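Structure file structure_12.cif (mmCIF, C-alpha atoms) is printed below.
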data_start
#
loop_
_atom_site.label_atom_id
_atom_site.label_comp_id
_atom_site.auth_asym_id
_atom_site.auth_seq_id
_atom_site.Cartn_x
_atom_site.Cartn_y
_atom_site.Cartn_z
CA MET A 846 -35.61 36.27 152.10
CA ASP A 847 -34.65 34.00 149.25
CA LEU A 848 -34.16 34.20 145.50
CA ASN A 849 -34.49 30.51 144.73
CA ASP A 850 -34.92 29.89 140.98
CA ARG A 851 -34.52 33.59 140.20
CA VAL A 852 -32.05 34.88 137.62
CA ALA A 853 -30.38 38.12 138.67
CA TRP A 854 -28.21 40.42 136.58
CA ILE A 855 -25.94 42.68 138.62
CA THR A 856 -23.97 45.36 136.83
CA GLY A 857 -20.67 46.63 138.15
CA SER A 858 -20.12 43.39 140.03
CA GLY A 859 -16.36 43.23 139.57
CA GLY A 860 -15.88 44.54 143.11
CA GLY A 861 -17.30 46.65 145.92
CA ILE A 862 -21.07 46.78 146.39
CA GLY A 863 -21.68 44.90 143.15
CA ARG A 864 -19.54 41.95 144.21
CA ALA A 865 -21.09 41.90 147.69
CA THR A 866 -24.55 41.90 146.11
CA ALA A 867 -23.66 39.13 143.68
CA LEU A 868 -22.36 36.95 146.53
CA ARG A 869 -25.40 37.68 148.69
CA PHE A 870 -27.84 36.91 145.89
CA ALA A 871 -26.08 33.67 145.02
CA ALA A 872 -26.18 32.63 148.69
CA ALA A 873 -29.93 33.33 148.61
CA GLY A 874 -30.35 30.89 145.72
CA ALA A 875 -30.21 33.12 142.65
CA ARG A 876 -28.43 32.30 139.44
CA VAL A 877 -26.23 35.34 139.03
CA ALA A 878 -25.25 37.10 135.82
CA ALA A 879 -22.31 39.23 136.94
CA SER A 880 -21.24 41.98 134.53
CA ASP A 881 -18.54 44.61 134.52
CA VAL A 882 -16.09 46.33 132.19
CA ASN A 883 -13.37 44.83 134.39
CA HIS A 884 -12.88 41.30 133.06
CA ALA A 885 -10.55 40.17 135.84
CA GLY A 886 -12.78 41.58 138.57
CA VAL A 887 -16.00 40.00 137.35
CA ALA A 888 -14.24 36.68 136.72
CA GLU A 889 -13.07 36.70 140.33
CA THR A 890 -16.61 37.41 141.53
CA VAL A 891 -17.90 34.41 139.61
CA GLU A 892 -15.11 32.22 140.96
CA LEU A 893 -16.03 33.22 144.52
CA ILE A 894 -19.69 32.37 143.91
CA ARG A 895 -18.91 29.00 142.40
CA ALA A 896 -16.44 28.16 145.16
CA ALA A 897 -19.28 28.71 147.65
CA GLY A 898 -21.54 26.37 145.69
CA GLY A 899 -23.52 28.99 143.80
CA THR A 900 -24.33 29.42 140.13
CA ALA A 901 -22.97 32.35 138.15
CA GLU A 902 -21.77 33.46 134.75
CA ALA A 903 -19.51 36.39 133.89
CA PHE A 904 -20.34 38.95 131.24
CA VAL A 905 -18.04 41.75 130.16
CA GLY A 906 -19.65 44.87 128.77
CA ASP A 907 -20.21 48.62 128.98
CA VAL A 908 -23.63 49.66 130.31
CA ALA A 909 -23.39 52.93 128.36
CA SER A 910 -23.46 50.98 125.09
CA ALA A 911 -26.87 49.76 123.90
CA GLU A 912 -25.18 47.09 121.79
CA SER A 913 -23.20 45.82 124.77
CA VAL A 914 -26.24 45.82 127.04
CA ASP A 915 -28.36 43.92 124.51
CA SER A 916 -25.56 41.38 124.10
CA ILE A 917 -25.47 40.75 127.86
CA VAL A 918 -29.24 40.32 128.06
CA ASP A 919 -29.14 37.90 125.11
CA GLY A 920 -26.40 35.98 126.90
CA VAL A 921 -28.37 35.75 130.14
CA LEU A 922 -31.52 34.59 128.35
CA GLY A 923 -29.48 32.11 126.36
CA ALA A 924 -28.00 30.66 129.53
CA TRP A 925 -31.11 30.49 131.71
CA GLY A 926 -34.13 31.40 129.60
CA ARG A 927 -35.38 34.17 131.86
CA LEU A 928 -34.32 37.30 133.72
CA ASP A 929 -36.06 38.13 136.98
CA VAL A 930 -33.92 40.72 138.74
CA LEU A 931 -31.76 43.62 137.60
CA VAL A 932 -29.52 45.52 139.98
CA ASN A 933 -28.11 48.61 138.29
CA ASN A 934 -24.98 49.03 140.37
CA ALA A 935 -22.38 50.18 137.81
CA GLY A 936 -21.31 53.76 138.42
CA ILE A 937 -18.38 56.17 138.33
CA THR A 938 -17.32 59.54 139.67
CA ARG A 939 -15.31 62.23 137.92
CA ASP A 940 -15.32 65.08 140.38
CA GLY A 941 -13.05 67.41 142.25
CA LEU A 942 -13.26 65.90 145.72
CA ALA A 943 -9.55 66.53 146.29
CA VAL A 944 -9.79 70.24 145.57
CA ARG A 945 -13.46 71.08 145.85
CA ILE A 946 -14.31 74.50 147.21
CA LYS A 947 -17.44 76.27 148.34
CA ASP A 948 -17.59 78.55 145.33
CA GLY A 949 -16.81 77.98 141.69
CA SER A 950 -16.49 74.17 141.73
CA VAL A 951 -18.80 73.75 138.74
CA THR A 952 -16.58 76.05 136.71
CA ARG A 953 -13.81 73.47 137.17
CA LEU A 954 -15.93 70.63 135.80
CA ALA A 955 -14.82 69.54 132.34
CA GLU A 956 -17.41 68.64 129.73
CA ASP A 957 -15.94 65.16 129.24
CA ALA A 958 -16.23 64.53 133.00
CA TRP A 959 -19.91 65.50 132.83
CA ASP A 960 -20.51 63.24 129.83
CA ALA A 961 -18.67 60.23 131.27
CA VAL A 962 -20.63 60.27 134.54
CA LEU A 963 -24.02 60.85 132.95
CA ASP A 964 -23.33 58.14 130.36
CA ILE A 965 -22.55 55.43 132.89
CA ASN A 966 -24.72 56.39 135.84
CA LEU A 967 -27.90 57.60 134.14
CA LYS A 968 -27.85 56.50 130.52
CA GLY A 969 -26.46 53.12 131.56
CA THR A 970 -29.27 52.65 134.07
CA PHE A 971 -31.83 53.59 131.42
CA LEU A 972 -30.38 51.22 128.81
CA CYS A 973 -30.28 48.27 131.20
CA CYS A 974 -33.84 48.89 132.39
CA GLN A 975 -35.05 49.19 128.83
CA ALA A 976 -33.30 45.98 127.81
CA VAL A 977 -34.74 43.84 130.61
CA ALA A 978 -38.26 45.21 130.22
CA VAL A 979 -39.11 42.91 127.30
CA PRO A 980 -38.34 39.58 129.03
CA MET A 981 -39.78 40.81 132.34
CA ILE A 982 -43.03 41.96 130.71
CA ARG A 983 -43.23 38.69 128.80
CA GLN A 984 -42.94 36.63 131.98
CA GLY A 985 -45.16 39.00 133.99
CA TYR A 986 -42.60 39.45 136.76
CA GLY A 987 -39.55 41.53 137.51
CA ARG A 988 -37.61 43.35 140.18
CA ILE A 989 -35.36 46.28 139.28
CA VAL A 990 -33.13 47.93 141.87
CA ASN A 991 -31.36 51.08 140.73
CA THR A 992 -28.53 52.86 142.50
CA ALA A 993 -28.95 56.50 143.45
CA SER A 994 -26.92 58.22 146.19
CA VAL A 995 -27.40 60.74 148.96
CA SER A 996 -25.44 63.01 146.60
CA ALA A 997 -28.64 63.20 144.56
CA PHE A 998 -29.80 65.78 147.12
CA GLY A 999 -26.80 67.98 146.33
CA ASN A 1000 -23.09 67.80 147.13
CA VAL A 1001 -20.43 70.44 146.60
CA GLY A 1002 -17.95 69.42 143.91
CA GLN A 1003 -20.16 66.70 142.46
CA ALA A 1004 -22.50 68.46 140.04
CA ASN A 1005 -22.20 65.68 137.45
CA TYR A 1006 -22.54 62.83 139.96
CA SER A 1007 -25.39 64.50 141.85
CA ALA A 1008 -27.27 65.22 138.63
CA SER A 1009 -26.84 61.65 137.44
CA LYS A 1010 -28.14 60.19 140.69
CA ALA A 1011 -31.07 62.62 140.89
CA GLY A 1012 -31.91 61.47 137.37
CA VAL A 1013 -31.85 57.86 138.52
CA ILE A 1014 -34.46 58.67 141.17
CA GLY A 1015 -36.73 60.32 138.60
CA LEU A 1016 -36.25 57.43 136.17
CA THR A 1017 -37.00 54.90 138.91
CA ARG A 1018 -40.28 56.56 139.86
CA THR A 1019 -41.40 56.85 136.24
CA LEU A 1020 -40.66 53.22 135.40
CA ALA A 1021 -42.36 52.11 138.60
CA LEU A 1022 -45.56 53.81 137.42
CA GLU A 1023 -45.28 52.50 133.86
CA TRP A 1024 -44.41 48.88 134.61
CA ALA A 1025 -46.34 48.02 137.78
CA ARG A 1026 -49.20 46.63 135.72
CA HIS A 1027 -46.77 44.10 134.24
CA GLY A 1028 -45.74 42.76 137.64
CA ILE A 1029 -42.46 44.69 137.66
CA ALA A 1030 -41.41 46.64 140.75
CA VAL A 1031 -38.79 49.35 140.31
CA ASN A 1032 -37.05 50.88 143.32
CA CYS A 1033 -33.71 52.45 144.10
CA VAL A 1034 -31.23 52.61 146.94
CA ALA A 1035 -29.43 55.82 147.89
CA PRO A 1036 -26.37 54.86 149.92
CA GLY A 1037 -24.38 57.28 152.00
CA GLY A 1038 -20.67 56.67 152.45
CA VAL A 1039 -19.65 53.08 151.77
CA ARG A 1040 -16.21 51.56 152.22
CA THR A 1041 -15.23 50.87 148.62
CA GLN A 1042 -12.39 51.64 146.25
CA MET A 1043 -14.26 54.79 145.25
CA THR A 1044 -14.36 56.21 148.77
CA ALA A 1045 -10.79 55.09 149.45
CA ALA A 1046 -9.70 57.95 147.17
CA ILE A 1047 -11.30 60.60 149.39
CA PRO A 1048 -8.61 62.74 151.09
CA GLU A 1049 -8.25 62.27 154.85
CA ARG A 1050 -9.56 65.72 155.80
CA LEU A 1051 -12.72 65.20 153.77
CA MET A 1052 -13.18 61.68 155.12
CA THR A 1053 -12.92 63.03 158.66
CA ALA A 1054 -15.63 65.58 157.91
CA LEU A 1055 -17.79 62.88 156.33
CA LEU A 1056 -17.51 60.57 159.32
CA GLU A 1057 -18.45 63.41 161.67
CA ARG A 1058 -21.81 63.68 159.88
CA ILE A 1059 -22.59 59.96 160.30
CA PRO A 1060 -24.27 59.28 163.65
CA ILE A 1061 -22.66 55.85 164.08
CA GLY A 1062 -19.26 57.23 163.06
CA ARG A 1063 -18.30 54.83 160.29
CA LEU A 1064 -18.85 54.06 156.63
CA ALA A 1065 -21.17 51.27 155.56
CA GLU A 1066 -19.71 47.96 154.48
CA PRO A 1067 -20.67 46.82 150.95
CA GLU A 1068 -22.48 43.84 152.46
CA GLU A 1069 -24.82 46.19 154.31
CA ILE A 1070 -25.97 47.72 151.03
CA ALA A 1071 -26.22 44.23 149.52
CA SER A 1072 -28.72 43.32 152.23
CA VAL A 1073 -30.98 46.18 151.14
CA HIS A 1074 -30.63 45.08 147.52
CA LEU A 1075 -31.72 41.59 148.55
CA PHE A 1076 -34.82 42.91 150.29
CA LEU A 1077 -35.90 44.95 147.26
CA ALA A 1078 -35.12 42.09 144.86
CA SER A 1079 -37.09 39.53 146.86
CA ASP A 1080 -40.80 38.96 147.31
CA ALA A 1081 -40.43 40.29 150.85
CA SER A 1082 -40.83 43.73 149.25
CA SER A 1083 -43.87 42.77 147.16
CA TYR A 1084 -45.77 45.98 148.00
CA VAL A 1085 -42.79 48.33 147.64
CA ASN A 1086 -42.63 50.22 144.35
CA GLY A 1087 -41.22 53.53 143.14
CA GLN A 1088 -39.31 54.15 146.35
CA CYS A 1089 -35.86 55.57 146.99
CA LEU A 1090 -34.52 53.99 150.16
CA VAL A 1091 -31.81 56.13 151.77
CA VAL A 1092 -29.20 53.98 153.52
CA ASP A 1093 -26.91 56.38 155.34
CA ALA A 1094 -27.21 55.50 159.06
CA GLY A 1095 -29.22 58.67 159.60
CA ALA A 1096 -26.61 61.13 158.33
CA ARG A 1097 -29.26 63.23 156.56
CA LEU A 1098 -31.79 63.31 159.36
#

Show how you would write the structure in this file as structure tokens.
Amino acid sequence: MDLNDRVAWITGSGGGIGRATALRFAAAGARVAASDVNHAGVAETVELIRAAGGTAEAFVGDVASAESVDSIVDGVLGAWGRLDVLVNNAGITRDGLAVRIKDGSVTRLAEDAWDAVLDINLKGTFLCCQAVAVPMIRQGYGRIVNTASVSAFGNVGQANYSASKAGVIGLTRTLALEWARHGIAVNCVAPGGVRTQMTAAIPERLMTALLERIPIGRLAEPEEIASVHLFLASDASSYVNGQCLVVDAGARL
């Protein structure tokens, strides 16, 4: 699988899965537009790509802001004249994992925590998809990979996160139907537990319970999710559209 001569924008690429995806795409030949709200993190990602001989530019911006998103897209088009791949990776949690209980967890969820998660995870995905649609339709080609989660199927203590990721799946399937005729494929990945800064905050007792549900007994590495992103972003997946690929080592079987 290669991305030679493709231009790929990866949101949330200041670390974790986003950084792993940016590095993997660059190694596959893509010119990478790495974006994040974390200036230092995304700058480091770009430095790593360039040190390995790849091509990348850093963009700082908030995916929940239409103005910011449009500015990034303008910057990418200004740098390379096209935009072939979008990976919507940026995402946050604001839940009660440390204290979640079987009953009443939603009553503990603050309105601002709901808004913050839906803004970044769902609205941000929508805004980025909308912004890249124009250049992708114009060139008659595009690959969009959104990020859902196994939490989209329900998870105690994560009403906001689960709702946002379920929304991503619905958005993905709708855009796949609308844009297929323009040569744009839209899919999403639903990872299970991945070893990132986000999961590092999970208390030990909850992590133990999580690992017990994973048949191979460990979390995924970010690079393992990046490999799935590469498949969906490449022409190897030319007949895959509107799908949500669960990557959880069989934990939900």

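Minimum distance to Pro1067 of chain A across A:Val918, A:Leu967, A:Val1031, A:Val1039 (counting all atoms listed in the file) occurs at A:Val1039.
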
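If you measure from each of A:Val962, A:Arg927, A:Met1052, A:Ile894 to Gly985 of chain A using all atoms listed in the file, the closest one turns out to be A:Arg927.
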
*asked:* I want to know what sits within 6 Å of segment 1085-1094 of chain A, based on all atoms listed in the file, with residues of the same chain fewer than 2 positions away left out; could you give that as a list in words?
replied: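 The residues that qualify are Arg1018, Ala1021, Ala1030, Val1031, Asn1032, Cys1033, Val1034, Ala1035, Pro1036, Gly1037, Ser1082, Ser1083 and Ala1096 of chain A.
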
*asked:* Residues proximal to (-20.4, 42.6, 154.9) were defined as those with any atom within 10 Å of that point in the file's coordinates, counting all atoms listed in the file. Which are they, as a PyMOL selection string?
replied: chain A and resi 862+865-866+869+1065-1072

When the PyMOL selection byres ((chain A and resi 959) around 10) is applied to the structure above, which residues does it catch, written out as a PDB file with C-alpha atoms, keeping the file's coordinate frame?
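File produced: expr_14.pdb:
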ATOM      1  CA  THR A 938     -17.320  59.540 139.670  1.00  0.00           C
ATOM      2  CA  ARG A 939     -15.310  62.230 137.920  1.00  0.00           C
ATOM      3  CA  ASP A 940     -15.320  65.080 140.380  1.00  0.00           C
ATOM      4  CA  LEU A 954     -15.930  70.630 135.800  1.00  0.00           C
ATOM      5  CA  ALA A 955     -14.820  69.540 132.340  1.00  0.00           C
ATOM      6  CA  GLU A 956     -17.410  68.640 129.730  1.00  0.00           C
ATOM      7  CA  ASP A 957     -15.940  65.160 129.240  1.00  0.00           C
ATOM      8  CA  ALA A 958     -16.230  64.530 133.000  1.00  0.00           C
ATOM      9  CA  ASP A 960     -20.510  63.240 129.830  1.00  0.00           C
ATOM     10  CA  ALA A 961     -18.670  60.230 131.270  1.00  0.00           C
ATOM     11  CA  VAL A 962     -20.630  60.270 134.540  1.00  0.00           C
ATOM     12  CA  LEU A 963     -24.020  60.850 132.950  1.00  0.00           C
ATOM     13  CA  ASP A 964     -23.330  58.140 130.360  1.00  0.00           C
ATOM     14  CA  GLN A1003     -20.160  66.700 142.460  1.00  0.00           C
ATOM     15  CA  ALA A1004     -22.500  68.460 140.040  1.00  0.00           C
ATOM     16  CA  ASN A1005     -22.200  65.680 137.450  1.00  0.00           C
ATOM     17  CA  TYR A1006     -22.540  62.830 139.960  1.00  0.00           C
ATOM     18  CA  ALA A1008     -27.270  65.220 138.630  1.00  0.00           C
ATOM     19  CA  SER A1009     -26.840  61.650 137.440  1.00  0.00           C
TER      20      SER A1009
END
